[in-house]
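Source file: entry-v8.csv (CSV, C-alpha atoms and all ligand atoms)
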chain,number,residue,atom,x,y,z
A,22,MET,CA,33.5,179.0,7.8
A,23,ASN,CA,36.2,181.4,9.0
A,24,CYS,CA,38.5,180.0,11.7
A,25,LEU,CA,38.8,182.9,14.3
A,26,LEU,CA,40.9,181.2,17.0
A,27,LYS,CA,43.1,178.2,16.7
A,28,VAL,CA,44.4,176.4,19.8
A,29,SER,CA,47.2,173.9,19.0
A,30,ASN,CA,48.9,171.4,21.3
A,31,LEU,CA,48.2,173.3,24.5
A,32,LYS,CA,49.8,171.9,27.6
A,33,ALA,CA,49.5,173.4,31.0
A,34,ILE,CA,50.3,172.2,34.5
A,35,TYR,CA,50.1,173.4,38.1
A,36,LEU,CA,53.0,173.1,40.4
A,37,VAL,CA,52.1,171.6,43.8
A,38,ARG,CA,54.1,170.3,46.6
A,39,GLU,CA,53.5,166.7,45.5
A,40,GLY,CA,54.6,167.3,41.9
A,41,THR,CA,52.8,168.6,38.8
A,42,ILE,CA,49.1,168.4,38.0
A,43,LYS,CA,48.8,167.7,34.3
A,44,ALA,CA,45.6,169.7,33.8
A,45,THR,CA,45.7,170.4,30.1
A,46,ASP,CA,47.5,167.8,28.0
A,47,ASP,CA,48.0,168.5,24.3
A,48,VAL,CA,44.7,170.1,23.6
A,49,SER,CA,43.9,171.4,20.0
A,50,PHE,CA,40.8,172.9,18.6
A,51,GLU,CA,39.5,175.5,16.3
A,52,ILE,CA,36.8,178.2,16.9
A,53,PHE,CA,34.8,179.4,13.9
A,54,GLU,CA,33.4,182.9,13.6
A,55,ASN,CA,29.9,183.5,14.8
A,56,THR,CA,29.5,180.1,16.4
A,57,ALA,CA,29.1,179.0,20.0
A,58,ALA,CA,31.5,176.3,21.2
A,59,ALA,CA,31.0,174.4,24.5
A,60,ILE,CA,33.9,172.9,26.4
A,61,VAL,CA,32.2,170.1,28.4
A,62,GLY,CA,33.5,167.7,31.0
A,63,GLU,CA,33.0,166.6,34.6
A,64,SER,CA,34.4,168.6,37.6
A,65,ALA,CA,38.2,168.9,37.7
A,66,SER,CA,38.6,167.6,34.2
A,67,GLY,CA,40.6,170.7,33.2
A,68,LYS,CA,38.0,172.9,31.5
A,69,SER,CA,38.9,176.2,33.3
A,70,THR,CA,42.6,175.5,32.9
A,71,ILE,CA,42.1,175.5,29.1
A,72,ILE,CA,40.4,178.8,29.2
A,73,GLU,CA,42.9,180.3,31.7
A,74,ALA,CA,45.9,179.1,29.6
A,75,MET,CA,44.4,180.4,26.4
A,76,THR,CA,43.8,183.8,27.9
A,77,ARG,CA,47.0,183.8,30.1
A,78,THR,CA,45.0,184.1,33.3
A,79,LEU,CA,46.4,181.0,35.0
A,80,PRO,CA,47.0,181.4,38.8
A,81,PRO,CA,50.6,181.9,39.9
A,82,ASN,CA,51.4,178.2,40.2
A,83,GLY,CA,50.1,177.5,36.7
A,84,ARG,CA,52.5,177.1,33.8
A,85,ILE,CA,52.0,176.8,30.1
A,86,LEU,CA,54.5,174.1,28.9
A,87,SER,CA,53.8,174.3,25.2
A,88,GLY,CA,51.2,175.2,22.5
A,89,THR,CA,50.0,178.1,20.4
A,90,VAL,CA,46.7,180.2,20.5
A,91,GLU,CA,46.5,181.9,17.1
A,92,TYR,CA,44.2,184.9,16.7
A,93,LYS,CA,44.5,187.2,13.7
A,94,GLY,CA,47.9,185.9,12.7
A,95,LYS,CA,49.3,186.3,16.2
A,96,ASP,CA,50.1,183.8,18.9
A,97,LEU,CA,48.4,185.0,22.1
A,98,LEU,CA,50.9,183.0,24.1
A,99,LYS,CA,53.8,184.9,22.7
A,100,ILE,CA,52.7,188.5,22.3
A,101,THR,CA,53.8,191.1,24.9
A,102,GLU,CA,51.6,192.0,27.9
A,103,GLU,CA,51.0,195.3,26.3
A,104,GLU,CA,49.7,193.8,23.1
A,105,LEU,CA,47.6,191.3,25.1
A,106,ARG,CA,46.1,194.3,26.9
A,107,THR,CA,44.8,195.7,23.6
A,108,ILE,CA,43.2,192.4,22.7
A,109,ARG,CA,41.6,191.6,26.2
A,110,TRP,CA,38.1,193.0,26.5
A,111,LYS,CA,38.3,194.9,23.1
A,112,GLU,CA,38.6,191.7,21.1
A,113,ILE,CA,38.3,188.8,23.5
A,114,ALA,CA,36.4,189.2,26.8
A,115,LEU,CA,36.3,186.6,29.6
A,116,VAL,CA,33.7,186.1,32.3
A,117,PRO,CA,35.6,183.7,34.6
A,118,GLN,CA,34.1,181.0,36.7
A,119,ALA,CA,32.4,182.3,39.9
A,120,ALA,CA,33.1,185.9,38.7
A,121,GLN,CA,30.0,187.0,40.7
A,122,GLN,CA,32.2,186.8,43.8
A,123,SER,CA,34.7,189.2,42.3
A,124,LEU,CA,32.2,192.0,42.2
A,125,ASN,CA,33.3,194.4,44.9
A,126,PRO,CA,30.5,194.6,47.5
A,127,THR,CA,31.4,198.2,48.4
A,128,MET,CA,31.2,199.5,44.8
A,129,LYS,CA,28.0,200.3,42.9
A,130,ILE,CA,27.6,198.6,39.5
A,131,ILE,CA,28.4,201.7,37.6
A,132,ASP,CA,31.7,202.0,39.3
A,133,HIS,CA,32.6,198.5,38.1
A,134,PHE,CA,32.0,199.8,34.5
A,135,LYS,CA,34.2,202.8,35.3
A,136,ASP,CA,37.0,200.7,36.6
A,137,THR,CA,36.9,198.5,33.5
A,138,VAL,CA,37.2,201.5,31.2
A,139,GLN,CA,40.0,203.0,33.2
A,140,ALA,CA,41.9,199.8,33.3
A,141,HIS,CA,42.0,199.9,29.5
A,142,GLY,CA,43.1,203.4,29.3
A,143,ILE,CA,39.9,204.7,27.7
A,144,ASN,CA,38.9,208.3,28.4
A,145,TRP,CA,35.1,208.4,28.2
A,146,SER,CA,33.3,211.4,29.7
A,147,LYS,CA,31.0,210.6,32.6
A,148,ASP,CA,27.9,210.9,30.3
A,149,GLU,CA,29.5,208.6,27.7
A,150,LEU,CA,30.3,206.0,30.3
A,151,ILE,CA,26.7,206.1,31.6
A,152,ASN,CA,25.3,205.9,28.1
A,153,ARG,CA,27.4,203.0,27.1
A,154,ALA,CA,26.9,201.1,30.3
A,155,SER,CA,23.2,201.7,30.1
A,156,GLU,CA,23.1,200.4,26.5
A,157,LYS,CA,24.9,197.2,27.6
A,158,ILE,CA,22.7,196.7,30.7
A,159,LYS,CA,19.6,197.0,28.5
A,160,MET,CA,21.1,194.4,26.1
A,161,VAL,CA,21.1,191.9,29.0
A,162,ARG,CA,17.5,192.9,29.7
A,163,LEU,CA,18.0,194.7,33.0
A,164,ASN,CA,16.9,198.2,33.9
A,165,PRO,CA,19.9,200.5,33.9
A,166,GLU,CA,18.4,203.1,36.2
A,167,THR,CA,18.1,200.7,39.1
A,168,VAL,CA,20.9,198.3,38.3
A,169,LEU,CA,23.8,200.8,37.7
A,170,ASN,CA,23.1,202.5,41.0
A,171,ALA,CA,22.8,199.2,43.0
A,172,TYR,CA,25.4,197.4,45.0
A,173,PRO,CA,26.1,193.8,44.1
A,174,MET,CA,24.4,192.5,47.3
A,175,GLN,CA,21.1,194.1,46.1
A,176,LEU,CA,21.1,191.9,43.0
A,177,SER,CA,20.1,188.2,42.6
A,178,GLY,CA,22.5,185.6,41.2
A,179,GLY,CA,20.9,185.8,37.8
A,180,MET,CA,21.1,189.6,37.7
A,181,LYS,CA,24.8,189.6,38.7
A,182,GLN,CA,25.5,187.1,35.9
A,183,ARG,CA,23.8,189.4,33.5
A,184,VAL,CA,25.8,192.4,34.8
A,185,LEU,CA,29.0,190.4,34.3
A,186,ILE,CA,28.0,189.7,30.7
A,187,ALA,CA,27.1,193.4,30.2
A,188,LEU,CA,30.6,194.4,31.6
A,189,ALA,CA,32.3,191.9,29.3
A,190,LEU,CA,30.4,193.4,26.3
A,191,LEU,CA,31.3,197.0,27.2
A,192,LEU,CA,34.2,197.2,24.8
A,193,GLU,CA,32.4,195.3,22.1
A,194,PRO,CA,34.6,192.2,21.8
A,195,LYS,CA,34.4,189.7,18.9
A,196,ILE,CA,34.8,186.7,21.2
A,197,LEU,CA,33.1,186.2,24.5
A,198,ILE,CA,34.4,183.5,26.7
A,199,LEU,CA,32.2,182.4,29.7
A,200,ASP,CA,33.3,179.8,32.3
A,201,GLU,CA,30.3,178.1,33.8
A,202,PRO,CA,27.8,180.9,33.0
A,203,THR,CA,24.8,179.0,34.3
A,204,SER,CA,26.1,177.0,37.2
A,205,ALA,CA,24.9,178.0,40.7
A,206,LEU,CA,21.7,179.4,39.2
A,207,ASP,CA,18.2,177.9,39.5
A,208,VAL,CA,16.9,176.1,36.4
A,209,LEU,CA,14.6,178.9,35.3
A,210,THR,CA,17.4,181.5,35.6
A,211,GLN,CA,19.7,179.2,33.7
A,212,ALA,CA,17.2,179.0,30.9
A,213,HIS,CA,17.0,182.8,30.8
A,214,ILE,CA,20.8,183.2,30.6
A,215,ILE,CA,21.0,180.6,27.8
A,216,GLN,CA,18.3,182.4,25.8
A,217,LEU,CA,20.0,185.7,26.5
A,218,LEU,CA,23.3,184.4,25.2
A,219,LYS,CA,21.6,182.9,22.1
A,220,ASP,CA,20.0,186.3,21.4
A,221,LEU,CA,23.3,188.2,21.9
A,222,LYS,CA,25.2,185.9,19.6
A,223,LYS,CA,22.6,186.5,16.8
A,224,LYS,CA,22.2,190.3,17.4
A,225,LEU,CA,25.9,191.1,17.9
A,226,ASN,CA,27.5,188.5,15.6
A,227,ILE,CA,29.6,187.5,18.4
A,228,THR,CA,31.6,184.3,18.8
A,229,LEU,CA,30.9,182.4,22.1
A,230,ILE,CA,33.2,179.9,23.9
A,231,PHE,CA,31.7,178.6,27.1
A,232,VAL,CA,32.5,176.0,29.7
A,233,THR,CA,29.9,173.8,31.3
A,234,HIS,CA,29.9,170.5,33.2
A,235,ASP,CA,26.3,170.1,32.0
A,236,ILE,CA,26.0,168.6,28.5
A,237,ALA,CA,22.3,169.5,28.4
A,238,VAL,CA,23.3,173.2,28.7
A,239,ALA,CA,25.8,172.7,25.8
A,240,ALA,CA,23.0,171.1,23.8
A,241,GLU,CA,20.9,174.2,24.2
A,242,LEU,CA,23.4,176.8,23.2
A,243,ALA,CA,26.4,175.3,21.3
A,244,ASP,CA,27.0,174.7,17.6
A,245,ASN,CA,30.1,172.6,18.4
A,246,ILE,CA,31.0,170.6,21.5
A,247,PHE,CA,34.5,169.8,22.8
A,248,VAL,CA,34.5,166.9,25.3
A,249,ILE,CA,37.3,167.0,27.9
A,250,TYR,CA,38.3,164.0,30.0
A,251,GLY,CA,41.2,164.1,32.4
A,252,GLY,CA,42.9,167.1,30.8
A,253,CYS,CA,42.6,165.7,27.3
A,254,LEU,CA,40.2,166.6,24.4
A,255,VAL,CA,38.6,163.3,23.6
A,256,GLU,CA,35.9,164.3,21.1
A,257,CYS,CA,35.1,167.4,19.1
A,258,SER,CA,31.9,167.4,17.1
A,259,PRO,CA,28.9,169.5,15.9
A,260,THR,CA,26.3,169.4,18.6
A,261,PHE,CA,23.6,167.5,16.6
A,262,GLU,CA,26.2,164.9,15.6
A,263,ILE,CA,27.4,164.3,19.1
A,264,PHE,CA,23.9,163.6,20.4
A,265,LYS,CA,22.9,161.5,17.4
A,266,ASN,CA,26.1,159.5,17.2
A,267,PRO,CA,28.5,160.0,20.1
A,268,LYS,CA,31.8,158.3,19.3
A,269,HIS,CA,34.1,158.3,22.3
A,270,PRO,CA,33.0,155.8,25.0
A,271,TYR,CA,33.2,158.7,27.6
A,272,THR,CA,30.9,160.9,25.5
A,273,GLU,CA,28.5,157.9,25.1
A,274,GLY,CA,28.6,157.6,28.9
A,275,LEU,CA,27.9,161.4,29.4
A,276,ILE,CA,25.0,161.3,27.1
A,277,ASN,CA,23.5,158.2,28.6
A,278,SER,CA,23.8,159.8,32.0
A,279,ILE,CA,21.5,162.7,31.3
A,280,MET,CA,17.9,162.5,32.1
A,281,GLY,CA,15.4,163.9,29.7
A,282,ILE,CA,11.8,164.5,30.9
A,283,ASN,CA,10.6,161.6,28.7
A,284,ALA,CA,13.7,159.5,29.3
A,285,ASP,CA,13.4,155.7,29.7
A,286,MET,CA,14.8,155.3,33.2
A,287,SER,CA,16.2,151.8,32.3
A,288,LYS,CA,18.5,153.3,29.7
A,289,ILE,CA,20.1,155.9,32.0
A,290,LYS,CA,23.3,154.8,33.5
A,291,ALA,CA,26.2,156.5,35.3
A,292,ILE,CA,29.8,156.1,34.1
A,293,PRO,CA,31.4,153.5,36.5
A,294,GLY,CA,34.6,154.4,38.4
A,295,ASP,CA,36.1,157.8,39.4
A,296,PRO,CA,37.7,160.6,37.5
A,297,PRO,CA,41.4,160.3,37.1
A,298,SER,CA,44.0,161.9,39.3
A,299,LEU,CA,45.8,164.5,37.2
A,300,LEU,CA,48.8,164.3,39.6
A,301,ASN,CA,49.5,160.7,38.4
A,302,PRO,CA,47.2,160.3,35.4
A,303,PRO,CA,46.6,156.8,34.0
A,304,SER,CA,49.1,155.8,31.2
A,305,GLY,CA,48.0,155.7,27.5
A,306,CYS,CA,44.3,156.6,27.3
A,307,ARG,CA,43.4,158.4,30.5
A,308,PHE,CA,39.9,156.9,30.3
A,309,HIS,CA,41.1,153.3,30.2
A,310,PRO,CA,40.4,152.4,33.9
A,311,ARG,CA,36.8,153.2,33.3
A,312,CYS,CA,36.3,152.0,29.7
A,313,GLU,CA,34.3,148.9,28.9
A,314,HIS,CA,36.0,148.6,25.6
A,315,VAL,CA,39.6,148.8,26.9
A,316,MET,CA,42.3,147.0,24.9
A,317,ASP,CA,45.9,146.3,25.7
A,318,ILE,CA,47.1,149.2,23.5
A,319,CYS,CA,44.9,151.7,25.5
A,320,LYS,CA,47.0,151.1,28.6
A,321,LYS,CA,50.2,151.9,26.8
A,322,VAL,CA,49.6,154.4,23.9
A,323,ARG,CA,47.8,157.6,24.1
A,324,PRO,CA,45.2,157.7,21.2
A,325,PRO,CA,45.7,160.6,18.8
A,326,LEU,CA,42.8,162.8,17.8
A,327,VAL,CA,41.6,161.5,14.4
A,328,GLN,CA,39.1,163.0,12.0
A,329,LEU,CA,36.2,160.7,10.9
A,330,SER,CA,34.2,161.0,7.7
A,331,SER,CA,31.2,162.4,9.8
A,332,GLY,CA,33.4,165.5,10.7
A,333,THR,CA,33.8,164.3,14.3
A,334,LYS,CA,37.3,164.2,15.7
A,335,VAL,CA,37.9,161.6,18.3
A,336,ALA,CA,40.8,160.3,20.4
A,337,CYS,CA,40.2,156.6,20.9
A,338,HIS,CA,42.0,153.5,19.5
A,339,LEU,CA,38.7,152.0,18.4
A,340,TYR,CA,38.6,154.6,15.6
A,341,GLU,CA,42.1,154.5,14.3
A,342,GLU,CA,42.8,153.1,10.9
A,343,GLY,CA,42.1,149.4,11.1
A,344,GLY,CA,40.2,150.0,14.4
A,345,TYR,CA,36.9,148.4,15.3
A,346,ARG,CA,34.6,151.3,14.7
A,347,GLU,CA,34.1,154.2,12.3
B,1,LIG,P1,35.2,172.5,37.7
B,1,LIG,O1,34.1,171.9,36.8
B,1,LIG,O2,35.2,172.0,39.1
B,1,LIG,O3,35.3,174.0,37.6
B,1,LIG,P2,37.4,172.2,35.8
B,1,LIG,O4,37.1,171.2,34.8
B,1,LIG,O5,37.3,173.6,35.4
B,1,LIG,O6,36.6,171.9,37.1
B,1,LIG,P3,40.1,172.9,36.5
B,1,LIG,O7,39.8,173.9,37.5
B,1,LIG,O8,40.7,173.3,35.2
B,1,LIG,O9,38.9,171.9,36.2
B,1,LIG,O10,41.2,171.9,37.3
B,1,LIG,C1,41.9,170.9,36.6
B,1,LIG,C2,42.8,170.2,37.6
B,1,LIG,O11,43.7,171.1,38.1
B,1,LIG,C3,42.0,169.7,38.9
B,1,LIG,O12,42.6,168.5,39.3
B,1,LIG,C4,42.2,170.8,39.9
B,1,LIG,O13,42.2,170.3,41.2
B,1,LIG,C5,43.6,171.3,39.5
B,1,LIG,N1,43.8,172.7,39.8
B,1,LIG,C6,43.1,173.7,39.4
B,1,LIG,N2,43.6,174.9,39.8
B,1,LIG,C7,44.7,174.6,40.5
B,1,LIG,C8,45.7,175.3,41.2
B,1,LIG,N3,45.7,176.6,41.3
B,1,LIG,N4,46.7,174.6,41.8
B,1,LIG,C9,46.8,173.3,41.8
B,1,LIG,N5,45.9,172.5,41.2
B,1,LIG,C10,44.9,173.1,40.5
B,2,LIG,FE1,38.4,153.1,25.7
B,2,LIG,FE2,40.7,152.5,24.6
B,2,LIG,FE3,39.1,154.2,23.4
B,2,LIG,FE4,40.4,154.8,25.7
B,2,LIG,S1,41.3,154.4,23.7
B,2,LIG,S2,38.2,155.2,25.2
B,2,LIG,S3,40.3,152.9,26.7
B,2,LIG,S4,38.7,152.0,23.8
B,3,MG,MG,36.2,175.1,36.2
Target format structure tokens, applied to this file:
Amino acid sequence: MNCLLKVSNLKAIYLVREGTIKATDDVSFEIFENTAAAIVGESASGKSTIIEAMTRTLPPNGRILSGTVEYKGKDLLKITEEELRTIRWKEIALVPQAAQQSLNPTMKIIDHFKDTVQAHGINWSKDELINRASEKIKMVRLNPETVLNAYPMQLSGGMKQRVLIALALLLEPKILILDEPTSALDVLTQAHIIQLLKDLKKKLNITLIFVTHDIAVAAELADNIFVIYGGCLVECSPTFEIFKNPKHPYTEGLINSIMGINADMSKIKAIPGDPPSLLNPPSGCRFHPRCEHVMDICKKVRPPLVQLSSGTKVACHLYEEGGYRE
């Protein structure tokens, strides 16, 4: 499989009055062409920071301390703003978290398409813009005649999310990144968005990277899952493998905490303890205060990400050479 995007040793922080929030700490992963990858973790674990650092869209108090993001032989973190502008939307498009709120309530949907085109210096005639916008709106299974002339407030949450996906597809990117595309939607609308993304991936041969706090959503849509805990990547695995045989104690906890319709209630258990503070994260393995397998070394040494024979990569001392598990 062709590696399309390679993130290596990415570190990002936020500067705050009290110090620095270590939100992305040495995260590395690869994205393969025509696959869907899910970045999964609980709230405030650093999922959005990874996406924002990769796409250089961090807020003003965010800083990238180190790392590379390789795409077509270039490091996206090093290229000029001008070069980045040619890649954004045309090659890599992003639908940020809560992007629905960024739709301008005073502008019709067609004008959002117009703005996007203008922002990228593209000179389409009015007819061409309408044709292309209509094509993308149809792709997300909405009616262009009504939707393009509507104001955002006239659309439901699910429709707005579809419009944002259509906007992101306007310049036909190779990679579509979506931060929490299904949160804040009802269960049925969530299912429709997941099905839509599945269909688009197949039809357009597009590569998807999406963020979700819901591992059940990841199970539906992703080929590969990256589990984030406290700003660190703790497990990286094909989806079927992670559900069949989760390796990291936190991943085990996440999977045990989801409730299937036929689940045995006695087997469902929440992960004890609270997520770590990223202002003063725990030493060594950031999961150690909550881990039932904690050893002395876990409190002192950060476990490296190691590859197991199953193909899973895991950052846990239990799996190091001579460790207790494989
Ligand atoms: P959620 O599921 O709630 O969207 P997340 O996993 O996307 O969470 P991030 O938004 O990446 O998490 O946040 C990671 C950490 O960085 C959190 O502790 C958060 O409070 C902090 N953080 C995020 N943005 C900022 C900011 N602009 N300034 C300071 N701290 C921030
Ligand atoms: Fe638990 Fe130690 Fe593994 Fe961390 S490194 S998950 S504390 S066993
Ligand atoms: Mg987020």
Discussion item. What residues of the protein or nucleic acid chains come within 10 Å of ligand LIG 1 (chain B) when you use all atoms listed in the file? Reply as an NGL selection string.
Written reply: :A and (33-38 or 40-45 or 60-74 or 79-83 or 118-119 or 200-201 or 204 or 232-235 or 249-252 or 296-300)
Item to complete: Write out as a list in words which residues come within 9 Å of A:Ala240 when counting all atoms listed in the file, dropping same-chain ones fewer than 5 positions away.
Response: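 Final neighbour list, sorted by chain and number: Ala59, Asp235, Ile246, Thr260, Phe261 and Phe264 of chain A.
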Can you write just those residues out, C-alpha atoms, as an mmCIF file, in the frame of the given file?
data_model
loop_
_atom_site.group_PDB
_atom_site.id
_atom_site.type_symbol
_atom_site.label_atom_id
_atom_site.label_comp_id
_atom_site.auth_asym_id
_atom_site.auth_seq_id
_atom_site.Cartn_x
_atom_site.Cartn_y
_atom_site.Cartn_z
ATOM 1 C CA ALA A 59 31.000 174.400 24.500
ATOM 2 C CA ASP A 235 26.300 170.100 32.000
ATOM 3 C CA ILE A 246 31.000 170.600 21.500
ATOM 4 C CA THR A 260 26.300 169.400 18.600
ATOM 5 C CA PHE A 261 23.600 167.500 16.600
ATOM 6 C CA PHE A 264 23.900 163.600 20.400
#
Practice prompt. Kindly give the distance, in Å, that separates atom CA of A:Thr228 and atom CA of A:Ile214, rounded to a single decimal.
Written response: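 Atom CA of A:Thr228 sits 16.0 Å away from atom CA of A:Ile214.
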Discussion item. Taking all atoms listed in the file into account, which residues have an atom no farther than 8 Å from ligand LIG 2 (chain B)? I'd like them as a ChimeraX atom specification.
Written reply: /A:269-271,305-316,318-320,323-324,336-340
Discussion item. Applying 7 Å and only C-alpha atoms, which residues near A:Leu199 remain after dropping the ones on its own chain fewer than 3 positions away? List them as number ranges by chain.
Written reply: A: 115-117, 202, 230-232
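Those residues that approach stretch 160-163 of chain A to within 7 Å, counting all atoms listed in the file, are Glu156, Arg183, Ala187 and Leu217 of chain A; same-chain residues fewer than 4 positions away are not listed.
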Fill in: For A:Tyr92: contacts at 12 Å, only C-alpha atoms, fewer than 4 positions along chain excluded, given as JSON, numbers by chain
{"A": [23, 24, 25, 26, 27, 28, 29, 51, 52, 53, 54, 75, 76, 96, 97, 98, 99, 100, 105, 108, 109, 112, 113, 195, 196]}
Practice prompt. Excluding A:Leu254 and any residue of its chain fewer than 5 positions from it, enumerate the residues within 9 Å of it, using only C-alpha atoms, and give them as a count of residues only.
Written response: 12
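Of note, atom CA of A:Leu229 and atom CA of A:Gly94 are spaced 19.7 Å apart.
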Item to complete: Enter the distance from atom CA of A:Ile131 to atom CA of A:Gln175, in Å, rounded to one decimal.
Response: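 Atom-to-atom, atom CA of A:Ile131 to atom CA of A:Gln175, that is 13.5 Å.
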